[in-house]
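Written below as C-alpha cells is the structure these notes are about.
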Amino acid sequence: MTVAARRTVLKGIGAAGALGALAGCGVPAAYIEPSERAGKDLSGRDRRLTFANWPLYIDTDDRDRTRRPTLDDFEKRTGIDVRYTEEINDNDEFFGKISPSLMNHQDTGRDLVVISDWMCARFVRLGWVQEMDRARQPNVARYLDPLLRTPHFDRGRRFTVPWQSGITGIAYNRRRLGREIRHVSDLWAGDLKGRVTLLSGLDEAFALLMQGDGVDITRWTEDDFHRMCDQVERRVRSHHIRRFTGNDYIKDLAGGDVLACQAYSGDVIQLQADDPDIVFVVPEEGAELWAESLMIPNLARHKRNAERLVDHYYDPEVAARLAAWVAYVCPVPAARDVLASSKDKELAALAEDPLVFPDGALRERLAIARDITPEERPDLARRWNSLVGL
C-alpha cells in the first residue's frame, strides 16, 4: 500500500460543497461550539479505545500479520485495549461516513482517527474535533518536529498531531532519462513530451507546481493558482503531460512508460528497493511537506485513553520502530538517533535517509502549503478538475 493510495483524489467539489449547500437552504450551520464538543469520558473505568486508520499504516509482525508490535506494547504497558480498524480508504469517503454523526452532535464510535491534513483542516474549521491536553502528552510537547508544529489550519497543533509525514516532489528514472532533474521546470523539457504525469488530486498537486513558478506556498493567492493552471492547461493541450494519476504513477514509472512524474517520497523509497535508478528529487525551488494526522472526534468516549496512545507514538523509541516499518518522513526527529545506534545495518542506514529524516539543508527547502479555504474550494476545484478530466 503506497502513500498515494492514502492521499486520494478530491472528486468534484466534495463534502465541503455539500455542507455549504445545506447551509444555504436554511439547514442549521454544521459548526459545533467548543463548549459542546466533549462527552462524558469513560477512560477511568473503561480501559479501551477505538482507533481508525488507513490500511498498512502501522508496523506488523512478519511472522503474524495480525500482531502490531508497537500497539501491542501500548496495551501491555497501560492495560488499555485498542480496537484497531483499517477502515479509512479515502478522505472524502470517510468524511461522508462520520459527518452525519458529527453534524448532529452524536458520538462517531471512534476515539482516534488519522486523515490527511487538508481534510483535518475541514474538521477543525467545523469544530468537529476536541483539543488535546498536552499536559497528558509530554512526548508530543517535547519531540514533535518544529516544521510540523504550526500548520495554518491548526496553529500550535492543539487539535491534531501528525501520525506520519511526507514530501511531494519529483521522481524520475535516471538511467532511462540520461540526465538529472533539479527543477520543476525540467519536467517541461522537449525530451519528456508525453512521458510526464502529474497527480490528479487538487490538494496533492497544486503546491509543488506553484513552487516551480516561484510562489511562496505558505501565502499563495488565487491569482497564483490560476496562473499555474494556465501553464498546466497549455501542456495538456500540447500533449506534453501524458496523464494525471493516482497511485498508479508507480506502475508507469517502474515500467518505463513514464520517465518523470510528480511523486511522494514514501513511494520512491519502496520503488528504489527494486530499481535503484529511480530517484526522488526535492526541486531546488522547494517542495511541499505534508502530514496525515491523528484527531479525537467530538463526544469520543475515551479521550484520555486516546491522548495516551498519541503520546505513546511520540516516544522516540516507538517512533523509530514505526518509521522503520512505514518509511515515511518521521514526525519525531529524535527517533533518528535511536535508529542510528542500532546494530542492524539496514536500520542504521535508514537514519541517514533524508526522505525519512530530512537534514538541515533539505528542511530549508520544505514548506507546508496554506490550505484551501471553504470559500475558495468550489471555484478552484472546478478549474482543476476541468484540466484533469474529473
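Residues are named by chain letter and number: chains run A, B, ... in the order of the C-alpha cells, numbers start at 1 in each chain, and ligands are numbered from 1 in the order shown.
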
- [ ] Would you mind writing down, as a VMD selection string, each residue of segment 196-284 of chain A that DSSP on the backbone assigns to strand (DSSP E or B)?
- [x] chain A and resid 196 to 199 241 to 245 260 to 264 278 to 281

Could you write out that same residue set with N, CA, C and O atoms as a short mmCIF file (atom, residue, chain, number, x, y, z; two decimals), in the first residue's frame?
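Listing of out-v5.cif after writing:
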```
data_model
loop_
_atom_site.label_atom_id
_atom_site.label_comp_id
_atom_site.auth_asym_id
_atom_site.auth_seq_id
_atom_site.Cartn_x
_atom_site.Cartn_y
_atom_site.Cartn_z
N VAL A 196 5.50 12.43 -19.04
CA VAL A 196 5.38 13.06 -17.72
C VAL A 196 3.95 12.88 -17.20
O VAL A 196 2.99 13.01 -17.97
N THR A 197 3.81 12.60 -15.91
CA THR A 197 2.49 12.58 -15.29
C THR A 197 2.48 13.50 -14.08
O THR A 197 3.51 13.71 -13.42
N LEU A 198 1.30 14.03 -13.80
CA LEU A 198 1.06 14.83 -12.60
C LEU A 198 0.00 14.14 -11.76
O LEU A 198 -0.80 13.36 -12.27
N LEU A 199 -0.03 14.46 -10.48
CA LEU A 199 -1.05 13.91 -9.60
C LEU A 199 -2.40 14.53 -9.92
O LEU A 199 -2.50 15.72 -10.26
N ILE A 241 1.97 16.56 -21.12
CA ILE A 241 1.58 15.78 -19.95
C ILE A 241 0.86 14.53 -20.42
O ILE A 241 -0.16 14.62 -21.12
N ARG A 242 1.38 13.39 -20.10
CA ARG A 242 0.80 12.12 -20.55
C ARG A 242 -0.58 11.91 -19.96
O ARG A 242 -1.53 11.59 -20.67
N ARG A 243 -0.70 12.09 -18.64
CA ARG A 243 -1.98 11.96 -17.97
C ARG A 243 -1.85 12.40 -16.52
O ARG A 243 -0.75 12.70 -16.04
N PHE A 244 -2.96 12.42 -15.81
CA PHE A 244 -2.99 12.70 -14.39
C PHE A 244 -3.30 11.38 -13.67
O PHE A 244 -4.13 10.61 -14.12
N THR A 245 -2.63 11.15 -12.54
CA THR A 245 -2.70 9.84 -11.92
C THR A 245 -3.01 9.90 -10.43
O THR A 245 -2.85 10.92 -9.78
N ALA A 260 9.37 10.70 -15.86
CA ALA A 260 9.40 11.62 -14.72
C ALA A 260 7.97 11.93 -14.31
O ALA A 260 7.06 11.99 -15.15
N CYS A 261 7.78 12.16 -13.03
CA CYS A 261 6.41 12.39 -12.55
C CYS A 261 6.42 13.07 -11.19
O CYS A 261 7.41 13.05 -10.46
N GLN A 262 5.28 13.66 -10.88
CA GLN A 262 5.04 14.15 -9.54
C GLN A 262 4.85 12.93 -8.64
O GLN A 262 4.17 11.97 -9.02
N ALA A 263 5.49 12.92 -7.47
CA ALA A 263 5.51 11.70 -6.67
C ALA A 263 5.65 12.01 -5.19
O ALA A 263 5.96 13.14 -4.79
N TYR A 264 5.43 10.98 -4.38
CA TYR A 264 5.57 11.07 -2.93
C TYR A 264 6.83 10.35 -2.48
O TYR A 264 7.17 9.27 -2.97
N ILE A 278 15.72 4.70 -9.92
CA ILE A 278 14.62 5.62 -9.69
C ILE A 278 15.03 6.58 -8.57
O ILE A 278 15.42 6.17 -7.49
N VAL A 279 14.94 7.85 -8.85
CA VAL A 279 15.43 8.89 -7.95
C VAL A 279 14.27 9.79 -7.53
O VAL A 279 13.39 10.10 -8.34
N PHE A 280 14.30 10.22 -6.27
CA PHE A 280 13.33 11.22 -5.80
C PHE A 280 14.07 12.53 -5.61
O PHE A 280 15.17 12.57 -5.03
N VAL A 281 13.46 13.62 -6.10
CA VAL A 281 14.10 14.93 -6.06
C VAL A 281 13.21 15.94 -5.35
O VAL A 281 12.01 16.04 -5.66
#
```

Interface rows for segment 132-170 of chain A against segment 364-383 of chain A: nearest pair, Å to one decimal, 12 Å, only C-alpha atoms, as JSON lines:
```
{"residue": "A:Pro146", "atom": "CA", "partner": "A:Ala367", "partner_atom": "CA", "distance": 11.7}
{"residue": "A:Leu147", "atom": "CA", "partner": "A:Ala367", "partner_atom": "CA", "distance": 8.0}
{"residue": "A:Leu148", "atom": "CA", "partner": "A:Ile368", "partner_atom": "CA", "distance": 8.0}
{"residue": "A:Arg149", "atom": "CA", "partner": "A:Ile368", "partner_atom": "CA", "distance": 10.4}
{"residue": "A:Thr150", "atom": "CA", "partner": "A:Ile368", "partner_atom": "CA", "distance": 9.0}
{"residue": "A:Pro151", "atom": "CA", "partner": "A:Ile368", "partner_atom": "CA", "distance": 6.7}
{"residue": "A:His152", "atom": "CA", "partner": "A:Arg370", "partner_atom": "CA", "distance": 6.0}
{"residue": "A:Phe153", "atom": "CA", "partner": "A:Asp371", "partner_atom": "CA", "distance": 7.1}
{"residue": "A:Asp154", "atom": "CA", "partner": "A:Asp371", "partner_atom": "CA", "distance": 10.6}
{"residue": "A:Arg155", "atom": "CA", "partner": "A:Arg370", "partner_atom": "CA", "distance": 11.9}
{"residue": "A:Ser165", "atom": "CA", "partner": "A:Ile368", "partner_atom": "CA", "distance": 10.9}
{"residue": "A:Gly166", "atom": "CA", "partner": "A:Leu366", "partner_atom": "CA", "distance": 10.3}
{"residue": "A:Ile167", "atom": "CA", "partner": "A:Leu366", "partner_atom": "CA", "distance": 8.0}
{"residue": "A:Thr168", "atom": "CA", "partner": "A:Leu366", "partner_atom": "CA", "distance": 9.6}
{"residue": "A:Gly169", "atom": "CA", "partner": "A:Leu366", "partner_atom": "CA", "distance": 10.1}
```

TODO: Write out as number ranges by chain the residues lying within 10 Å of Met119 of chain A, counting only C-alpha atoms and excluding same-chain residues fewer than 5 positions away.
DONE: A: 16, 91-92, 95, 124, 203, 292-293, 371

TODO: Tell me which protein, DNA and RNA residues are within 12 Å of segment 72-82 of chain A, counting only C-alpha atoms, leaving out same-chain ones fewer than 4 positions away, and put them as a VMD selection string.
DONE: chain A and resid 43 to 52 58 to 61 66 to 68 110 to 112 302 304 to 313 315 317 to 318 321

Just the residues within 10 Å of Asn173 of chain A, please, counting only C-alpha atoms, with nothing from its chain fewer than 3 positions along; format it as a short mmCIF file (atom, residue, chain, number, x, y, z; two decimals) with N, CA, C and O atoms, in the first residue's frame.
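This went into result_5.cif:
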```cif
data_model
loop_
_atom_site.label_atom_id
_atom_site.label_comp_id
_atom_site.auth_asym_id
_atom_site.auth_seq_id
_atom_site.Cartn_x
_atom_site.Cartn_y
_atom_site.Cartn_z
N ARG A 176 17.16 5.76 -17.62
CA ARG A 176 16.40 5.90 -18.86
C ARG A 176 16.39 7.33 -19.38
O ARG A 176 16.41 7.55 -20.59
N LEU A 177 16.36 8.30 -18.47
CA LEU A 177 16.33 9.70 -18.92
C LEU A 177 17.70 10.16 -19.37
O LEU A 177 17.84 10.94 -20.32
N GLY A 178 18.74 9.70 -18.69
CA GLY A 178 20.10 10.05 -19.09
C GLY A 178 20.57 11.41 -18.63
O GLY A 178 21.61 11.90 -19.09
N ARG A 179 19.86 12.01 -17.73
CA ARG A 179 20.28 13.30 -17.17
C ARG A 179 19.59 13.50 -15.82
O ARG A 179 18.72 12.72 -15.44
N GLU A 180 19.97 14.57 -15.13
CA GLU A 180 19.38 14.86 -13.84
C GLU A 180 18.19 15.81 -13.96
O GLU A 180 18.09 16.58 -14.93
N ILE A 181 17.30 15.74 -13.00
CA ILE A 181 16.22 16.72 -12.85
C ILE A 181 16.47 17.46 -11.54
O ILE A 181 16.66 16.83 -10.50
N LEU A 253 6.00 4.52 -13.85
CA LEU A 253 7.41 4.85 -13.68
C LEU A 253 8.26 3.59 -13.66
O LEU A 253 9.30 3.52 -14.32
N ALA A 254 7.82 2.59 -12.92
CA ALA A 254 8.59 1.35 -12.82
C ALA A 254 8.66 0.64 -14.17
O ALA A 254 9.68 0.03 -14.51
N GLY A 256 8.54 2.08 -17.18
CA GLY A 256 9.23 2.86 -18.21
C GLY A 256 8.32 3.64 -19.13
O GLY A 256 8.81 4.35 -20.02
N VAL A 258 6.59 6.10 -18.26
CA VAL A 258 6.80 7.47 -17.81
C VAL A 258 8.24 7.61 -17.35
O VAL A 258 8.78 6.70 -16.69
N LEU A 259 8.87 8.72 -17.70
CA LEU A 259 10.26 8.95 -17.31
C LEU A 259 10.38 9.84 -16.09
O LEU A 259 11.38 9.79 -15.37
N ALA A 260 9.37 10.70 -15.86
CA ALA A 260 9.40 11.62 -14.72
C ALA A 260 7.97 11.93 -14.31
O ALA A 260 7.06 11.99 -15.15
N CYS A 261 7.78 12.16 -13.03
CA CYS A 261 6.41 12.39 -12.55
C CYS A 261 6.42 13.07 -11.19
O CYS A 261 7.41 13.05 -10.46
N ASP A 275 14.53 -0.95 -7.95
CA ASP A 275 15.22 -0.26 -9.04
C ASP A 275 15.94 0.97 -8.50
O ASP A 275 15.35 2.04 -8.35
N PRO A 276 17.23 0.84 -8.18
CA PRO A 276 17.98 1.97 -7.62
C PRO A 276 18.16 3.14 -8.58
O PRO A 276 18.62 4.21 -8.15
N ASP A 277 17.80 2.96 -9.86
CA ASP A 277 17.90 4.07 -10.81
C ASP A 277 16.75 5.06 -10.68
O ASP A 277 16.78 6.14 -11.28
N ILE A 278 15.72 4.70 -9.92
CA ILE A 278 14.62 5.62 -9.69
C ILE A 278 15.03 6.58 -8.57
O ILE A 278 15.42 6.17 -7.49
N VAL A 279 14.94 7.85 -8.85
CA VAL A 279 15.43 8.89 -7.95
C VAL A 279 14.27 9.79 -7.53
O VAL A 279 13.39 10.10 -8.34
N PHE A 280 14.30 10.22 -6.27
CA PHE A 280 13.33 11.22 -5.80
C PHE A 280 14.07 12.53 -5.61
O PHE A 280 15.17 12.57 -5.03
#
```

Task: Between atom CA of Ser185 of chain A and atom CA of Ser238 of chain A - distance in Å to one decimal - done: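 A separation of 15.8 Å between them.
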
Open item on the list: Which residues are close to His240 of chain A, i.e. within 10 Å by only C-alpha atoms, leaving aside same-chain residues fewer than 4 positions away? Reply as a list in words.
Closed with: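 Answer for this query is Leu187, Trp188, Ala189, Gly190, Asp191, Leu192, Lys193, Gly194, Arg195, Val196, Thr197, Val232, Arg234, Arg235 and Val236 of chain A.
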
Convert the current residue selection to file output with all heavy atoms, as a compact mmCIF listing (two decimals), in the first residue's frame.
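Done, and the output landed in result_10.txt:
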```txt
# COMPACT_ATOMS: atom_id res chain seq x y z
N LEU A 187 10.69 19.33 -15.94
CA LEU A 187 9.66 18.42 -16.44
C LEU A 187 9.17 18.81 -17.82
O LEU A 187 8.60 17.98 -18.54
CB LEU A 187 8.46 18.40 -15.48
CG LEU A 187 8.68 17.78 -14.10
CD1 LEU A 187 7.43 17.98 -13.26
CD2 LEU A 187 9.02 16.30 -14.22
N TRP A 188 9.35 20.07 -18.19
CA TRP A 188 8.78 20.56 -19.45
C TRP A 188 9.79 20.55 -20.59
O TRP A 188 9.52 21.09 -21.67
CB TRP A 188 8.22 21.97 -19.25
CG TRP A 188 7.45 22.13 -17.96
CD1 TRP A 188 7.60 23.12 -17.03
CD2 TRP A 188 6.42 21.26 -17.45
NE1 TRP A 188 6.74 22.93 -15.98
CE2 TRP A 188 6.00 21.80 -16.21
CE3 TRP A 188 5.83 20.09 -17.92
CZ2 TRP A 188 5.02 21.21 -15.43
CZ3 TRP A 188 4.85 19.49 -17.14
CH2 TRP A 188 4.45 20.04 -15.93
N ALA A 189 10.95 19.91 -20.39
CA ALA A 189 11.94 19.80 -21.47
C ALA A 189 11.39 18.94 -22.61
O ALA A 189 10.56 18.05 -22.41
CB ALA A 189 13.23 19.18 -20.92
N GLY A 190 11.84 19.22 -23.82
CA GLY A 190 11.30 18.57 -25.02
C GLY A 190 11.42 17.06 -25.00
O GLY A 190 10.54 16.35 -25.53
N ASP A 191 12.49 16.52 -24.40
CA ASP A 191 12.67 15.07 -24.44
C ASP A 191 11.73 14.33 -23.48
O ASP A 191 11.74 13.10 -23.44
CB ASP A 191 14.13 14.70 -24.13
CG ASP A 191 14.59 15.18 -22.76
OD1 ASP A 191 13.90 16.01 -22.15
OD2 ASP A 191 15.66 14.72 -22.31
N LEU A 192 10.93 15.07 -22.71
CA LEU A 192 9.96 14.44 -21.81
C LEU A 192 8.52 14.58 -22.30
O LEU A 192 7.59 14.19 -21.59
CB LEU A 192 10.08 15.05 -20.40
CG LEU A 192 11.25 14.52 -19.56
CD1 LEU A 192 11.38 15.30 -18.26
CD2 LEU A 192 11.08 13.04 -19.26
N LYS A 193 8.34 15.08 -23.52
CA LYS A 193 6.98 15.22 -24.03
C LYS A 193 6.28 13.86 -24.10
O LYS A 193 6.80 12.90 -24.66
CB LYS A 193 7.00 15.85 -25.42
CG LYS A 193 5.60 16.10 -25.98
CD LYS A 193 5.63 16.85 -27.30
CE LYS A 193 4.21 17.10 -27.79
NZ LYS A 193 4.18 17.86 -29.07
N GLY A 194 5.12 13.81 -23.47
CA GLY A 194 4.35 12.58 -23.45
C GLY A 194 4.84 11.55 -22.46
O GLY A 194 4.30 10.45 -22.38
N ARG A 195 5.86 11.89 -21.66
CA ARG A 195 6.45 10.93 -20.72
C ARG A 195 6.40 11.46 -19.28
O ARG A 195 7.16 11.00 -18.42
CB ARG A 195 7.90 10.63 -21.11
CG ARG A 195 8.10 10.22 -22.56
CD ARG A 195 7.45 8.92 -22.92
NE ARG A 195 8.01 7.77 -22.26
CZ ARG A 195 9.12 7.13 -22.68
NH1 ARG A 195 9.78 7.55 -23.75
NH2 ARG A 195 9.55 6.06 -22.04
N VAL A 196 5.50 12.43 -19.04
CA VAL A 196 5.38 13.06 -17.72
C VAL A 196 3.95 12.88 -17.20
O VAL A 196 2.99 13.01 -17.97
CB VAL A 196 5.70 14.58 -17.79
CG1 VAL A 196 5.39 15.27 -16.46
CG2 VAL A 196 7.14 14.81 -18.18
N THR A 197 3.81 12.60 -15.91
CA THR A 197 2.49 12.58 -15.29
C THR A 197 2.48 13.50 -14.08
O THR A 197 3.51 13.71 -13.42
CB THR A 197 2.07 11.16 -14.84
OG1 THR A 197 2.97 10.68 -13.85
CG2 THR A 197 2.02 10.20 -16.02
N VAL A 232 -0.43 24.61 -16.88
CA VAL A 232 -0.76 23.19 -16.99
C VAL A 232 -1.68 22.95 -18.18
O VAL A 232 -1.50 21.99 -18.95
CB VAL A 232 -1.42 22.68 -15.69
CG1 VAL A 232 -1.96 21.26 -15.87
CG2 VAL A 232 -0.42 22.72 -14.53
N ARG A 234 -1.85 24.57 -20.98
CA ARG A 234 -1.09 24.61 -22.23
C ARG A 234 -0.35 23.29 -22.46
O ARG A 234 -0.28 22.80 -23.59
CB ARG A 234 -0.08 25.77 -22.19
CG ARG A 234 -0.72 27.15 -22.32
CD ARG A 234 0.32 28.20 -22.68
NE ARG A 234 1.32 28.37 -21.63
CZ ARG A 234 1.21 29.20 -20.61
NH1 ARG A 234 0.11 29.96 -20.48
NH2 ARG A 234 2.17 29.31 -19.71
N ARG A 235 0.14 22.70 -21.39
CA ARG A 235 0.90 21.46 -21.54
C ARG A 235 0.00 20.24 -21.72
O ARG A 235 0.43 19.23 -22.24
CB ARG A 235 1.83 21.30 -20.34
CG ARG A 235 2.97 22.32 -20.43
CD ARG A 235 3.78 22.49 -19.20
NE ARG A 235 4.80 23.51 -19.47
CZ ARG A 235 5.05 24.54 -18.67
NH1 ARG A 235 4.36 24.70 -17.56
NH2 ARG A 235 5.97 25.42 -18.99
N VAL A 236 -1.23 20.36 -21.28
CA VAL A 236 -2.21 19.31 -21.57
C VAL A 236 -2.57 19.36 -23.04
O VAL A 236 -2.60 18.34 -23.74
CB VAL A 236 -3.48 19.48 -20.70
CG1 VAL A 236 -4.58 18.57 -21.20
CG2 VAL A 236 -3.16 19.18 -19.24
```

Task: Atom-to-atom span, atom CA of Phe94 of chain A and atom CA of Ser200 of chain A, Å - done: 19.2 Å

TODO: For Thr160 of chain A, please output as a list in words all residues within 9 Å (counting only C-alpha atoms; exclusion window: fewer than 4 positions along the same chain).
DONE: Asp117, Cys120, Val124, Val129, Gln130, Glu131, Met132, Asp154, Ser293, Leu294, Met295 and Ile296 of chain A

Selected residues, N, CA, C and O atoms, written as an mmCIF file, in the first residue's frame, please.
```cif
data_model
loop_
_atom_site.group_PDB
_atom_site.id
_atom_site.type_symbol
_atom_site.label_atom_id
_atom_site.label_comp_id
_atom_site.auth_asym_id
_atom_site.auth_seq_id
_atom_site.Cartn_x
_atom_site.Cartn_y
_atom_site.Cartn_z
ATOM 1 N N ASP A 117 -3.964 16.108 6.293
ATOM 2 C CA ASP A 117 -4.099 17.419 6.923
ATOM 3 C C ASP A 117 -5.053 18.349 6.187
ATOM 4 O O ASP A 117 -5.728 19.173 6.813
ATOM 5 N N CYS A 120 -8.141 17.365 7.620
ATOM 6 C CA CYS A 120 -8.157 17.775 9.032
ATOM 7 C C CYS A 120 -8.566 19.237 9.156
ATOM 8 O O CYS A 120 -9.287 19.611 10.092
ATOM 9 N N VAL A 124 -11.345 20.810 11.716
ATOM 10 C CA VAL A 124 -11.007 21.846 12.698
ATOM 11 C C VAL A 124 -11.881 23.070 12.500
ATOM 12 O O VAL A 124 -12.404 23.649 13.461
ATOM 13 N N VAL A 129 -13.612 18.361 16.192
ATOM 14 C CA VAL A 129 -12.589 17.623 16.930
ATOM 15 C C VAL A 129 -12.265 18.351 18.225
ATOM 16 O O VAL A 129 -12.424 19.563 18.341
ATOM 17 N N GLN A 130 -11.794 17.571 19.190
ATOM 18 C CA GLN A 130 -11.525 18.118 20.509
ATOM 19 C C GLN A 130 -10.060 18.525 20.658
ATOM 20 O O GLN A 130 -9.169 17.895 20.099
ATOM 21 N N GLU A 131 -9.843 19.565 21.450
ATOM 22 C CA GLU A 131 -8.482 19.978 21.760
ATOM 23 C C GLU A 131 -7.842 18.934 22.677
ATOM 24 O O GLU A 131 -8.455 18.457 23.626
ATOM 25 N N MET A 132 -6.605 18.567 22.354
ATOM 26 C CA MET A 132 -5.896 17.597 23.183
ATOM 27 C C MET A 132 -5.240 18.285 24.368
ATOM 28 O O MET A 132 -4.862 19.457 24.303
ATOM 29 N N ASP A 154 -4.218 24.854 12.094
ATOM 30 C CA ASP A 154 -4.173 24.442 13.497
ATOM 31 C C ASP A 154 -2.877 24.930 14.122
ATOM 32 O O ASP A 154 -1.972 24.162 14.410
ATOM 33 N N SER A 293 -2.731 13.195 10.015
ATOM 34 C CA SER A 293 -2.712 13.471 11.445
ATOM 35 C C SER A 293 -3.789 12.758 12.240
ATOM 36 O O SER A 293 -4.855 12.403 11.724
ATOM 37 N N LEU A 294 -3.488 12.582 13.517
ATOM 38 C CA LEU A 294 -4.388 11.995 14.499
ATOM 39 C C LEU A 294 -5.324 13.072 15.042
ATOM 40 O O LEU A 294 -4.883 14.194 15.332
ATOM 41 N N MET A 295 -6.592 12.738 15.198
ATOM 42 C CA MET A 295 -7.573 13.641 15.779
ATOM 43 C C MET A 295 -8.509 12.847 16.700
ATOM 44 O O MET A 295 -8.756 11.658 16.465
ATOM 45 N N ILE A 296 -9.052 13.526 17.701
ATOM 46 C CA ILE A 296 -10.046 12.932 18.598
ATOM 47 C C ILE A 296 -11.391 13.571 18.274
ATOM 48 O O ILE A 296 -11.594 14.759 18.541
#
```

- [ ] Compare A:Asp274, A:Glu86, A:Glu284, A:Glu346 by their minimum atom-to-atom distance to Ala361 of chain A, counting only C-alpha atoms, and give me the closest one.
- [x]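 Ranked by minimum distance to Ala361 of chain A, first place goes to A:Glu284.
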
- [ ] Please run DSSP on the backbone and report, as a list in words, all residues within segment 273-340 of chain A that come out as alpha helix (DSSP H).
- [x]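 Reading the DSSP output for segment 273-340 of chain A, alpha helix (DSSP H) covers Lys303, Arg304, Asn305, Ala306, Glu307, Arg308, Leu309, Val310, Asp311, His312, Pro316, Glu317, Val318, Ala319, Ala320, Arg321, Leu322, Ala323, Ala324, Trp325, Val326, Ala335, Arg336, Asp337, Val338, Leu339 and Ala340 of chain A.
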
Please produce a file of those selected residues containing C-alpha atoms, as a short mmCIF file (atom, residue, chain, number, x, y, z; two decimals), in the first residue's frame.
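Printed below is again35.cif as written:
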```cif
data_model
loop_
_atom_site.label_atom_id
_atom_site.label_comp_id
_atom_site.auth_asym_id
_atom_site.auth_seq_id
_atom_site.Cartn_x
_atom_site.Cartn_y
_atom_site.Cartn_z
CA LYS A 303 -10.47 10.84 25.19
CA ARG A 304 -7.81 10.40 27.88
CA ASN A 305 -7.02 6.91 26.64
CA ALA A 306 -6.65 8.28 23.10
CA GLU A 307 -4.34 11.05 24.31
CA ARG A 308 -2.13 8.43 25.97
CA LEU A 309 -1.91 6.44 22.75
CA VAL A 310 -0.95 9.53 20.75
CA ASP A 311 1.81 10.27 23.24
CA HIS A 312 2.99 6.65 23.10
CA PRO A 316 11.41 8.27 20.16
CA GLU A 317 11.91 4.52 20.64
CA VAL A 318 8.37 3.79 19.46
CA ALA A 319 8.53 6.37 16.66
CA ALA A 320 11.76 4.77 15.41
CA ARG A 321 10.14 1.32 15.24
CA LEU A 322 7.18 2.72 13.31
CA ALA A 323 9.43 4.70 10.96
CA ALA A 324 11.49 1.61 10.22
CA TRP A 325 8.37 -0.16 9.02
CA VAL A 326 6.48 2.55 7.11
CA ALA A 335 13.89 8.82 16.50
CA ARG A 336 16.85 9.24 14.15
CA ASP A 337 19.37 8.79 16.97
CA VAL A 338 17.57 5.62 18.06
CA LEU A 339 17.93 4.09 14.60
CA ALA A 340 21.49 5.36 14.16
#
```

TODO: State, in Å with one decimal place, the distance from atom CA of Leu355 of chain A to atom CA of Pro333 of chain A.
DONE: 12.1 Å

Open item on the list: For a quick check of understanding, using only C-alpha atoms, which of A:Arg174, A:Arg363, A:Arg158, A:Lys251 has the smallest distance to Gln137 of chain A?
Closed with: A:Arg158

Task: A:Leu289, A:Gly39, A:Gln231, A:Gly201 ranked by distance to Ile217 of chain A, top pick (using only C-alpha atoms) - done: A:Leu289
